[in-house]
file protein31.pdb (PDB, C-alpha atoms)
ATOM      1  CA  MET A1148      85.833 126.442  89.916  1.00  0.00           C
ATOM      2  CA  THR A1149      86.783 122.810  90.504  1.00  0.00           C
ATOM      3  CA  THR A1150      89.210 120.962  88.238  1.00  0.00           C
ATOM      4  CA  ASN A1151      88.461 117.251  87.839  1.00  0.00           C
ATOM      5  CA  ILE A1152      91.155 114.876  86.605  1.00  0.00           C
ATOM      6  CA  LEU A1153      90.753 111.130  86.168  1.00  0.00           C
ATOM      7  CA  LEU A1154      93.883 108.995  85.861  1.00  0.00           C
ATOM      8  CA  ALA A1155      93.444 105.475  84.463  1.00  0.00           C
ATOM      9  CA  GLY A1156      95.673 102.503  83.771  1.00  0.00           C
ATOM     10  CA  VAL A1157      96.440  98.999  84.929  1.00  0.00           C
ATOM     11  CA  GLY A1158      98.168  97.723  88.032  1.00  0.00           C
ATOM     12  CA  GLY A1159     101.882  98.444  88.096  1.00  0.00           C
ATOM     13  CA  GLN A1160     101.804 101.507  85.837  1.00  0.00           C
ATOM     14  CA  GLY A1161     102.040 104.039  88.657  1.00  0.00           C
ATOM     15  CA  ILE A1162      98.503 105.456  88.585  1.00  0.00           C
ATOM     16  CA  ILE A1163      98.406 105.814  92.371  1.00  0.00           C
ATOM     17  CA  THR A1164     101.783 107.599  92.362  1.00  0.00           C
ATOM     18  CA  ALA A1165     100.610 109.882  89.541  1.00  0.00           C
ATOM     19  CA  GLY A1166      97.495 110.746  91.547  1.00  0.00           C
ATOM     20  CA  GLN A1167      99.664 111.549  94.550  1.00  0.00           C
ATOM     21  CA  VAL A1168     101.954 113.792  92.484  1.00  0.00           C
ATOM     22  CA  LEU A1169      98.960 115.597  91.014  1.00  0.00           C
ATOM     23  CA  ALA A1170      97.319 116.116  94.413  1.00  0.00           C
ATOM     24  CA  VAL A1171     100.544 117.375  96.007  1.00  0.00           C
ATOM     25  CA  ALA A1172     101.157 119.779  93.086  1.00  0.00           C
ATOM     26  CA  ALA A1173      97.681 121.252  93.600  1.00  0.00           C
ATOM     27  CA  LEU A1174      98.258 121.495  97.379  1.00  0.00           C
ATOM     28  CA  LYS A1175     101.574 123.278  96.825  1.00  0.00           C
ATOM     29  CA  ALA A1176      99.720 125.728  94.575  1.00  0.00           C
ATOM     30  CA  GLY A1177      97.400 126.547  97.495  1.00  0.00           C
ATOM     31  CA  CYS A1178      94.334 124.628  96.337  1.00  0.00           C
ATOM     32  CA  ASP A1179      91.824 122.582  98.306  1.00  0.00           C
ATOM     33  CA  VAL A1180      92.319 119.003  97.063  1.00  0.00           C
ATOM     34  CA  LYS A1181      90.432 115.726  97.317  1.00  0.00           C
ATOM     35  CA  LYS A1182      91.758 112.412  95.963  1.00  0.00           C
ATOM     36  CA  SER A1183      90.473 108.869  95.751  1.00  0.00           C
ATOM     37  CA  GLU A1184      91.633 105.623  94.162  1.00  0.00           C
ATOM     38  CA  VAL A1185      89.753 102.695  92.727  1.00  0.00           C
ATOM     39  CA  HIS A1186      91.864  99.531  92.731  1.00  0.00           C
ATOM     40  CA  GLY A1187      90.515  96.696  90.614  1.00  0.00           C
ATOM     41  CA  MET A1188      92.653  93.604  90.412  1.00  0.00           C
ATOM     42  CA  SER A1189      95.566  96.010  90.429  1.00  0.00           C
ATOM     43  CA  GLN A1190      98.224  93.491  91.380  1.00  0.00           C
ATOM     44  CA  ARG A1191      97.178  91.257  88.494  1.00  0.00           C
ATOM     45  CA  GLY A1192      97.159  93.915  85.792  1.00  0.00           C
ATOM     46  CA  GLY A1193      93.567  94.974  86.432  1.00  0.00           C
ATOM     47  CA  SER A1194      92.137  98.461  86.086  1.00  0.00           C
ATOM     48  CA  VAL A1195      93.233 101.218  88.456  1.00  0.00           C
ATOM     49  CA  GLU A1196      91.803 104.730  88.637  1.00  0.00           C
ATOM     50  CA  SER A1197      92.740 107.791  90.621  1.00  0.00           C
ATOM     51  CA  HIS A1198      90.325 110.706  90.943  1.00  0.00           C
ATOM     52  CA  VAL A1199      91.871 114.078  91.776  1.00  0.00           C
ATOM     53  CA  ARG A1200      89.774 117.206  92.257  1.00  0.00           C
ATOM     54  CA  TRP A1201      90.928 120.665  93.291  1.00  0.00           C
ATOM     55  CA  SER A1202      89.816 124.264  93.531  1.00  0.00           C
ATOM     56  CA  ALA A1203      91.711 127.462  94.274  1.00  0.00           C
ATOM     57  CA  ASP A1204      88.612 129.387  95.330  1.00  0.00           C
ATOM     58  CA  GLN A1205      86.168 127.002  97.044  1.00  0.00           C
ATOM     59  CA  PRO A1206      86.146 123.851  99.147  1.00  0.00           C
ATOM     60  CA  VAL A1207      85.953 120.548  97.265  1.00  0.00           C
ATOM     61  CA  ALA A1208      83.249 118.379  98.798  1.00  0.00           C
ATOM     62  CA  SER A1209      83.785 114.944  97.231  1.00  0.00           C
ATOM     63  CA  PRO A1210      86.830 113.097  95.939  1.00  0.00           C
ATOM     64  CA  LEU A1211      84.944 111.187  93.231  1.00  0.00           C
ATOM     65  CA  ILE A1212      84.322 112.418  89.694  1.00  0.00           C
ATOM     66  CA  GLY A1213      80.929 111.577  88.246  1.00  0.00           C
ATOM     67  CA  ASP A1214      80.221 110.395  84.713  1.00  0.00           C
ATOM     68  CA  GLY A1215      80.648 113.222  82.244  1.00  0.00           C
ATOM     69  CA  GLU A1216      82.388 115.490  84.787  1.00  0.00           C
ATOM     70  CA  ALA A1217      86.120 114.926  84.207  1.00  0.00           C
ATOM     71  CA  ASP A1218      87.883 117.899  82.675  1.00  0.00           C
ATOM     72  CA  PHE A1219      90.820 115.659  81.797  1.00  0.00           C
ATOM     73  CA  LEU A1220      91.378 111.930  81.424  1.00  0.00           C
ATOM     74  CA  VAL A1221      95.010 110.854  81.656  1.00  0.00           C
ATOM     75  CA  ALA A1222      95.409 107.201  80.659  1.00  0.00           C
ATOM     76  CA  LEU A1223      98.568 105.115  80.641  1.00  0.00           C
ATOM     77  CA  GLU A1224      97.037 102.476  78.374  1.00  0.00           C
ATOM     78  CA  GLN A1225      94.739 102.867  75.342  1.00  0.00           C
ATOM     79  CA  LEU A1226      92.026 100.383  76.312  1.00  0.00           C
ATOM     80  CA  GLU A1227      91.786 101.932  79.779  1.00  0.00           C
ATOM     81  CA  ALA A1228      91.309 105.301  78.067  1.00  0.00           C
ATOM     82  CA  LEU A1229      88.430 103.834  76.041  1.00  0.00           C
ATOM     83  CA  ARG A1230      86.885 102.340  79.179  1.00  0.00           C
ATOM     84  CA  SER A1231      86.961 105.702  80.962  1.00  0.00           C
ATOM     85  CA  VAL A1232      86.261 108.224  78.194  1.00  0.00           C
ATOM     86  CA  HIS A1233      82.548 108.341  79.136  1.00  0.00           C
ATOM     87  CA  GLN A1234      83.608 110.180  82.284  1.00  0.00           C
ATOM     88  CA  VAL A1235      85.024 113.127  80.311  1.00  0.00           C
ATOM     89  CA  ARG A1236      82.757 116.173  79.999  1.00  0.00           C
ATOM     90  CA  ALA A1237      81.899 117.729  76.660  1.00  0.00           C
ATOM     91  CA  GLY A1238      84.860 119.925  75.815  1.00  0.00           C
ATOM     92  CA  GLY A1239      87.198 117.958  78.081  1.00  0.00           C
ATOM     93  CA  ALA A1240      90.527 116.513  76.969  1.00  0.00           C
ATOM     94  CA  VAL A1241      91.974 113.009  76.821  1.00  0.00           C
ATOM     95  CA  LEU A1242      95.692 112.361  77.172  1.00  0.00           C
ATOM     96  CA  THR A1243      96.648 108.772  76.484  1.00  0.00           C
ATOM     97  CA  ALA A1244      99.847 106.834  76.313  1.00  0.00           C
ATOM     98  CA  THR A1245     100.045 104.727  73.174  1.00  0.00           C
ATOM     99  CA  ARG A1246     100.949 101.613  75.164  1.00  0.00           C
ATOM    100  CA  ARG A1247      98.758  98.556  74.685  1.00  0.00           C
ATOM    101  CA  ILE A1248      98.479  95.979  77.458  1.00  0.00           C
ATOM    102  CA  PRO A1249      96.127  93.226  76.306  1.00  0.00           C
ATOM    103  CA  PRO A1250      93.705  92.115  79.040  1.00  0.00           C
ATOM    104  CA  LEU A1251      93.023  88.433  79.726  1.00  0.00           C
ATOM    105  CA  PRO A1252      90.090  88.116  77.273  1.00  0.00           C
ATOM    106  CA  VAL A1253      92.381  89.334  74.469  1.00  0.00           C
ATOM    107  CA  LEU A1254      95.219  87.060  75.570  1.00  0.00           C
ATOM    108  CA  THR A1255      92.907  84.029  75.576  1.00  0.00           C
ATOM    109  CA  GLY A1256      91.409  84.872  72.175  1.00  0.00           C
ATOM    110  CA  VAL A1257      87.901  85.588  73.498  1.00  0.00           C
ATOM    111  CA  ALA A1258      88.093  89.251  72.439  1.00  0.00           C
ATOM    112  CA  GLN A1259      90.210  91.462  70.217  1.00  0.00           C
ATOM    113  CA  TYR A1260      92.103  94.571  71.199  1.00  0.00           C
ATOM    114  CA  PRO A1261      90.641  97.549  69.295  1.00  0.00           C
ATOM    115  CA  ALA A1262      92.919  98.330  66.354  1.00  0.00           C
ATOM    116  CA  ASP A1263      91.787 101.943  66.249  1.00  0.00           C
ATOM    117  CA  ALA A1264      91.690 102.908  69.943  1.00  0.00           C
ATOM    118  CA  VAL A1265      93.107 106.417  69.499  1.00  0.00           C
ATOM    119  CA  GLU A1266      90.714 107.135  66.622  1.00  0.00           C
ATOM    120  CA  ALA A1267      87.812 105.886  68.756  1.00  0.00           C
ATOM    121  CA  LEU A1268      88.919 108.316  71.472  1.00  0.00           C
ATOM    122  CA  ARG A1269      89.043 111.153  68.948  1.00  0.00           C
ATOM    123  CA  ALA A1270      85.456 110.353  67.974  1.00  0.00           C
ATOM    124  CA  ARG A1271      84.426 110.837  71.613  1.00  0.00           C
ATOM    125  CA  SER A1272      86.522 113.845  72.627  1.00  0.00           C
ATOM    126  CA  ARG A1273      87.408 117.037  70.820  1.00  0.00           C
ATOM    127  CA  ARG A1274      90.971 117.091  72.131  1.00  0.00           C
ATOM    128  CA  VAL A1275      93.071 113.932  72.291  1.00  0.00           C
ATOM    129  CA  VAL A1276      96.822 113.909  72.925  1.00  0.00           C
ATOM    130  CA  ALA A1277      98.507 110.538  72.308  1.00  0.00           C
ATOM    131  CA  LEU A1278     102.116 110.098  73.442  1.00  0.00           C
ATOM    132  CA  ASP A1279     104.541 107.198  73.411  1.00  0.00           C
ATOM    133  CA  ALA A1280     105.199 107.810  77.099  1.00  0.00           C
ATOM    134  CA  ASP A1281     106.979 104.491  77.552  1.00  0.00           C
ATOM    135  CA  ALA A1282     109.559 105.329  74.854  1.00  0.00           C
ATOM    136  CA  ILE A1283     110.124 108.772  76.363  1.00  0.00           C
ATOM    137  CA  ALA A1284     110.577 107.269  79.838  1.00  0.00           C
ATOM    138  CA  ALA A1285     113.026 104.678  78.496  1.00  0.00           C
ATOM    139  CA  ASP A1286     114.916 107.414  76.670  1.00  0.00           C
ATOM    140  CA  VAL A1287     115.526 109.312  79.923  1.00  0.00           C
ATOM    141  CA  GLY A1288     116.743 106.108  81.565  1.00  0.00           C
ATOM    142  CA  ASN A1289     113.706 105.460  83.743  1.00  0.00           C
ATOM    143  CA  PRO A1290     111.271 103.016  82.096  1.00  0.00           C
ATOM    144  CA  ARG A1291     108.932 103.279  85.099  1.00  0.00           C
ATOM    145  CA  ALA A1292     108.386 107.032  84.575  1.00  0.00           C
ATOM    146  CA  ALA A1293     105.735 106.879  81.831  1.00  0.00           C
ATOM    147  CA  ASN A1294     103.253 108.127  84.438  1.00  0.00           C
ATOM    148  CA  ILE A1295     105.430 111.190  85.042  1.00  0.00           C
ATOM    149  CA  VAL A1296     105.743 111.797  81.278  1.00  0.00           C
ATOM    150  CA  MET A1297     101.945 111.908  81.082  1.00  0.00           C
ATOM    151  CA  LEU A1298     101.784 114.332  84.018  1.00  0.00           C
ATOM    152  CA  GLY A1299     104.254 116.553  82.186  1.00  0.00           C
ATOM    153  CA  ALA A1300     101.900 116.557  79.211  1.00  0.00           C
ATOM    154  CA  LEU A1301      98.972 117.382  81.493  1.00  0.00           C
ATOM    155  CA  SER A1302     100.898 120.235  83.107  1.00  0.00           C
ATOM    156  CA  ARG A1303     100.599 122.242  79.879  1.00  0.00           C
ATOM    157  CA  LEU A1304      96.806 122.084  80.104  1.00  0.00           C
ATOM    158  CA  VAL A1305      96.089 122.874  83.763  1.00  0.00           C
ATOM    159  CA  ASP A1306      96.737 126.010  85.754  1.00  0.00           C
ATOM    160  CA  LEU A1307      99.337 124.877  88.297  1.00  0.00           C
ATOM    161  CA  PRO A1308     102.839 126.370  88.539  1.00  0.00           C
ATOM    162  CA  VAL A1309     105.647 124.254  87.092  1.00  0.00           C
ATOM    163  CA  ARG A1310     107.546 124.625  90.378  1.00  0.00           C
ATOM    164  CA  ALA A1311     104.644 122.987  92.264  1.00  0.00           C
ATOM    165  CA  TRP A1312     104.710 120.056  89.825  1.00  0.00           C
ATOM    166  CA  GLU A1313     108.458 119.619  90.187  1.00  0.00           C
ATOM    167  CA  GLN A1314     108.273 119.751  93.987  1.00  0.00           C
ATOM    168  CA  ALA A1315     105.516 117.119  93.915  1.00  0.00           C
ATOM    169  CA  VAL A1316     107.598 114.815  91.689  1.00  0.00           C
ATOM    170  CA  VAL A1317     110.580 115.155  94.041  1.00  0.00           C
ATOM    171  CA  ALA A1318     108.352 114.364  97.040  1.00  0.00           C
ATOM    172  CA  ALA A1319     106.879 111.222  95.427  1.00  0.00           C
ATOM    173  CA  VAL A1320     109.895 109.632  93.770  1.00  0.00           C
ATOM    174  CA  PRO A1321     112.763 107.860  95.560  1.00  0.00           C
ATOM    175  CA  ALA A1322     116.094 109.695  95.396  1.00  0.00           C
ATOM    176  CA  ARG A1323     117.633 107.331  92.829  1.00  0.00           C
ATOM    177  CA  GLY A1324     114.912 108.163  90.284  1.00  0.00           C
ATOM    178  CA  ARG A1325     114.358 111.867  90.920  1.00  0.00           C
ATOM    179  CA  GLU A1326     116.526 113.380  88.194  1.00  0.00           C
ATOM    180  CA  SER A1327     115.266 111.025  85.496  1.00  0.00           C
ATOM    181  CA  SER A1328     111.669 111.566  86.667  1.00  0.00           C
ATOM    182  CA  LEU A1329     112.084 115.335  86.478  1.00  0.00           C
ATOM    183  CA  GLU A1330     113.496 114.916  82.966  1.00  0.00           C
ATOM    184  CA  ALA A1331     110.549 112.650  82.082  1.00  0.00           C
ATOM    185  CA  PHE A1332     108.187 115.369  83.341  1.00  0.00           C
ATOM    186  CA  ARG A1333     109.947 118.016  81.233  1.00  0.00           C
ATOM    187  CA  ARG A1334     109.888 115.813  78.128  1.00  0.00           C
ATOM    188  CA  GLY A1335     106.165 115.151  78.524  1.00  0.00           C
ATOM    189  CA  ARG A1336     105.602 118.870  78.996  1.00  0.00           C
ATOM    190  CA  ASP A1337     107.561 119.628  75.817  1.00  0.00           C
ATOM    191  CA  MET A1338     105.497 117.103  73.829  1.00  0.00           C
ATOM    192  CA  THR A1339     102.146 118.797  74.469  1.00  0.00           C
ATOM    193  CA  PRO A1340     101.158 121.576  72.062  1.00  0.00           C
TER     194      PRO A1340
END

call {"tool": "encode", "arguments": {"input": "protein31.pdb", "output": "structure tokens"}}
result
Amino acid sequence: MTTNILLAGVGGQGIITAGQVLAVAALKAGCDVKKSEVHGMSQRGGSVESHVRWSADQPVASPLIGDGEADFLVALEQLEALRSVHQVRAGGAVLTATRRIPPLPVLTGVAQYPADAVEALRARSRRVVALDADAIAADVGNPRAANIVMLGALSRLVDLPVRAWEQAVVAAVPARGRESSLEAFRRGRDMTP
């Protein structure tokens, strides 16, 4: 069986790093892994996606997740979660940070940011976990670790050993941020029922 996870956010939120951590955790667990990124205007706050697919018992042929095939959507921003929720399969789960980063049309007054983004997600997916990942990351002293908080939350829902996750975080994060990133991971893990 293949596990399909879509990570979504905007440039600068660490989506690519989160995808790398996820892929390495699956590799350390002995899985066949494929990963791909889609960079929009990532350096200007545009959309960024990372597709990660793995299987413990069969080869994974393609790195891309088709519409309606993601088992999990992990979003670091609410509007990006709404933009990507169509890719989640029936019965899949959405994990979203509660952060709101208004895109240019909202900033210029052409459009409005949805007031009820999390409720709109709940209307589309049976299971939605919403976390204030940015506050948790700030609380552990590493404001850039919201992506790792969300991976901690995801770790409760997928079948990968905690040790593999922790090794992947250590491999991806510079030495000065490792301890706070590991704490961010643990806090995110503790927040998921």

call {"tool": "resolve_selection", "arguments": {"input": "protein31.pdb", "expression": "the PyMOL selection byres ((chain A and resi 1266) around 12)", "output": "list in words"}}
result
Gln1225, Leu1226, Ala1228, Leu1229, Val1241, Thr1243, Thr1245, Pro1261, Ala1262, Asp1263, Ala1264, Val1265, Ala1267, Leu1268, Arg1269, Ala1270, Arg1271, Ser1272, Arg1273, Arg1274, Val1275, Val1276 and Ala1277 of chain A

call {"tool": "atom_distance", "arguments": {"input": "protein31.pdb", "atom1": "CA of Leu1220 in chain A", "atom2": "CA of Leu1154 in chain A"}}
result
5.9 Å

call {"tool": "atom_distance", "arguments": {"input": "protein31.pdb", "atom1": "CA of Ala1282 in chain A", "atom2": "CA of Ile1248 in chain A"}}
result
14.7 Å

call {"tool": "closest_residue", "arguments": {"input": "protein31.pdb", "among": "A:Gly1166, A:Gly1193, A:Gly1161, A:Gly1335", "to": "Arg1291 in chain A", "atoms": "all atoms listed in the file"}}
result
A:Gly1161

call {"tool": "closest_residue", "arguments": {"input": "protein31.pdb", "among": "A:Gly1324, A:Pro1250, A:Gly1256, A:Gly1158", "to": "Ser1197 in chain A", "atoms": "all atoms listed in the file"}}
result
A:Gly1158

call {"tool": "closest_residue", "arguments": {"input": "protein31.pdb", "among": "A:Pro1249, A:Asp1218, A:Phe1332, A:Asn1151", "to": "Arg1200 in chain A", "atoms": "all atoms listed in the file"}}
result
A:Asn1151

call {"tool": "resolve_selection", "arguments": {"input": "protein31.pdb", "expression": "the PyMOL selection byres ((chain A and resi 1288) around 12)", "output": "list in words"}}
result
Asp1281, Ala1282, Ile1283, Ala1284, Ala1285, Asp1286, Val1287, Asn1289, Pro1290, Arg1291, Ala1292, Ala1293, Arg1323, Gly1324, Arg1325, Glu1326, Ser1327, Ser1328, Leu1329, Glu1330 and Ala1331 of chain A

call {"tool": "closest_atom_pairs", "arguments": {"input": "protein31.pdb", "of": "range 1266-1307 of chain A", "to": "range 1175-1179 of chain A", "cutoff": "12 Å", "atoms": "only C-alpha atoms", "output": "CSV"}}
result
residue,atom,partner,partner_atom,distance
A:Val1305,CA,A:Ala1176,CA,11.8
A:Asp1306,CA,A:Ala1176,CA,9.3
A:Leu1307,CA,A:Ala1176,CA,6.3

call {"tool": "resolve_selection", "arguments": {"input": "protein31.pdb", "expression": "the PyMOL selection byres ((chain A and resi 1211) around 12)", "output": "list in words"}}
result
Thr1150, Asn1151, Ile1152, Leu1153, Leu1154, Val1180, Lys1181, Lys1182, Ser1183, Glu1184, Val1185, Glu1196, Ser1197, His1198, Val1199, Arg1200, Trp1201, Val1207, Ala1208, Ser1209, Pro1210, Ile1212, Gly1213, Asp1214, Gly1215, Glu1216, Ala1217 and Gln1234 of chain A

call {"tool": "closest_residue", "arguments": {"input": "protein31.pdb", "among": "A:Ser1202, A:Asn1294, A:Ser1302, A:Gln1314", "to": "Met1338 in chain A", "atoms": "only C-alpha atoms"}}
result
A:Ser1302

call {"tool": "closest_residue", "arguments": {"input": "protein31.pdb", "among": "A:Arg1303, A:Arg1310, A:Arg1246, A:Arg1336", "to": "Glu1227 in chain A", "atoms": "all atoms listed in the file"}}
result
A:Arg1246

call {"tool": "decode", "arguments": {"input": "protein31.pdb", "residues": "range 1207-1265 of chain A", "atoms": "C-alpha atoms", "output": "PDB file, in the first residue's frame"}}
result
ATOM      1  CA  VAL A1207       6.467   3.568  -5.849  1.00  0.00           C
ATOM      2  CA  ALA A1208       6.315   4.459  -9.529  1.00  0.00           C
ATOM      3  CA  SER A1209       5.574   8.200  -9.571  1.00  0.00           C
ATOM      4  CA  PRO A1210       6.388  11.060  -7.225  1.00  0.00           C
ATOM      5  CA  LEU A1211       3.225  13.044  -7.998  1.00  0.00           C
ATOM      6  CA  ILE A1212      -0.103  12.666  -6.210  1.00  0.00           C
ATOM      7  CA  GLY A1213      -3.174  12.926  -8.404  1.00  0.00           C
ATOM      8  CA  ASP A1214      -6.385  14.763  -7.573  1.00  0.00           C
ATOM      9  CA  GLY A1215      -8.347  12.903  -4.934  1.00  0.00           C
ATOM     10  CA  GLU A1216      -5.426  10.592  -4.059  1.00  0.00           C
ATOM     11  CA  ALA A1217      -3.722  12.259  -1.075  1.00  0.00           C
ATOM     12  CA  ASP A1218      -4.162  10.371   2.171  1.00  0.00           C
ATOM     13  CA  PHE A1219      -3.045  13.460   4.077  1.00  0.00           C
ATOM     14  CA  LEU A1220      -2.779  17.165   3.331  1.00  0.00           C
ATOM     15  CA  VAL A1221      -0.436  19.066   5.632  1.00  0.00           C
ATOM     16  CA  ALA A1222      -0.774  22.822   5.112  1.00  0.00           C
ATOM     17  CA  LEU A1223       1.162  25.601   6.803  1.00  0.00           C
ATOM     18  CA  GLU A1224      -1.389  28.238   5.812  1.00  0.00           C
ATOM     19  CA  GLN A1225      -5.209  28.062   5.732  1.00  0.00           C
ATOM     20  CA  LEU A1226      -5.804  29.392   2.217  1.00  0.00           C
ATOM     21  CA  GLU A1227      -3.215  26.980   0.819  1.00  0.00           C
ATOM     22  CA  ALA A1228      -5.114  24.178   2.567  1.00  0.00           C
ATOM     23  CA  LEU A1229      -8.320  25.307   0.837  1.00  0.00           C
ATOM     24  CA  ARG A1230      -6.542  25.458  -2.522  1.00  0.00           C
ATOM     25  CA  SER A1231      -5.269  21.891  -2.143  1.00  0.00           C
ATOM     26  CA  VAL A1232      -8.100  20.093  -0.338  1.00  0.00           C
ATOM     27  CA  HIS A1233      -9.468  18.752  -3.658  1.00  0.00           C
ATOM     28  CA  GLN A1234      -6.413  16.500  -3.777  1.00  0.00           C
ATOM     29  CA  VAL A1235      -7.411  14.661  -0.583  1.00  0.00           C
ATOM     30  CA  ARG A1236      -9.171  11.315  -1.061  1.00  0.00           C
ATOM     31  CA  ALA A1237     -12.493  10.521   0.561  1.00  0.00           C
ATOM     32  CA  GLY A1238     -11.635   9.492   4.097  1.00  0.00           C
ATOM     33  CA  GLY A1239      -8.311  11.342   4.023  1.00  0.00           C
ATOM     34  CA  ALA A1240      -7.214  13.859   6.644  1.00  0.00           C
ATOM     35  CA  VAL A1241      -6.269  17.532   6.555  1.00  0.00           C
ATOM     36  CA  LEU A1242      -3.808  19.027   9.018  1.00  0.00           C
ATOM     37  CA  THR A1243      -3.580  22.791   8.795  1.00  0.00           C
ATOM     38  CA  ALA A1244      -1.755  25.483  10.650  1.00  0.00           C
ATOM     39  CA  THR A1245      -4.063  28.315  11.643  1.00  0.00           C
ATOM     40  CA  ARG A1246      -1.710  30.921  10.177  1.00  0.00           C
ATOM     41  CA  ARG A1247      -3.151  33.301   7.601  1.00  0.00           C
ATOM     42  CA  ILE A1248      -0.874  34.889   5.013  1.00  0.00           C
ATOM     43  CA  PRO A1249      -2.977  37.121   2.771  1.00  0.00           C
ATOM     44  CA  PRO A1250      -2.058  36.790  -0.921  1.00  0.00           C
ATOM     45  CA  LEU A1251      -1.641  39.844  -3.154  1.00  0.00           C
ATOM     46  CA  PRO A1252      -5.304  40.004  -4.283  1.00  0.00           C
ATOM     47  CA  VAL A1253      -6.362  40.219  -0.619  1.00  0.00           C
ATOM     48  CA  LEU A1254      -3.683  42.793   0.179  1.00  0.00           C
ATOM     49  CA  THR A1255      -4.799  44.990  -2.730  1.00  0.00           C
ATOM     50  CA  GLY A1256      -8.492  44.703  -1.833  1.00  0.00           C
ATOM     51  CA  VAL A1257      -9.471  42.761  -4.970  1.00  0.00           C
ATOM     52  CA  ALA A1258     -10.472  39.692  -2.930  1.00  0.00           C
ATOM     53  CA  GLN A1259     -11.222  38.787   0.665  1.00  0.00           C
ATOM     54  CA  TYR A1260      -9.545  36.147   2.769  1.00  0.00           C
ATOM     55  CA  PRO A1261     -12.138  33.497   3.709  1.00  0.00           C
ATOM     56  CA  ALA A1262     -13.287  34.150   7.273  1.00  0.00           C
ATOM     57  CA  ASP A1263     -14.264  30.526   7.776  1.00  0.00           C
ATOM     58  CA  ALA A1264     -11.368  28.634   6.158  1.00  0.00           C
ATOM     59  CA  VAL A1265     -11.155  25.872   8.774  1.00  0.00           C
TER      60      VAL A1265
END
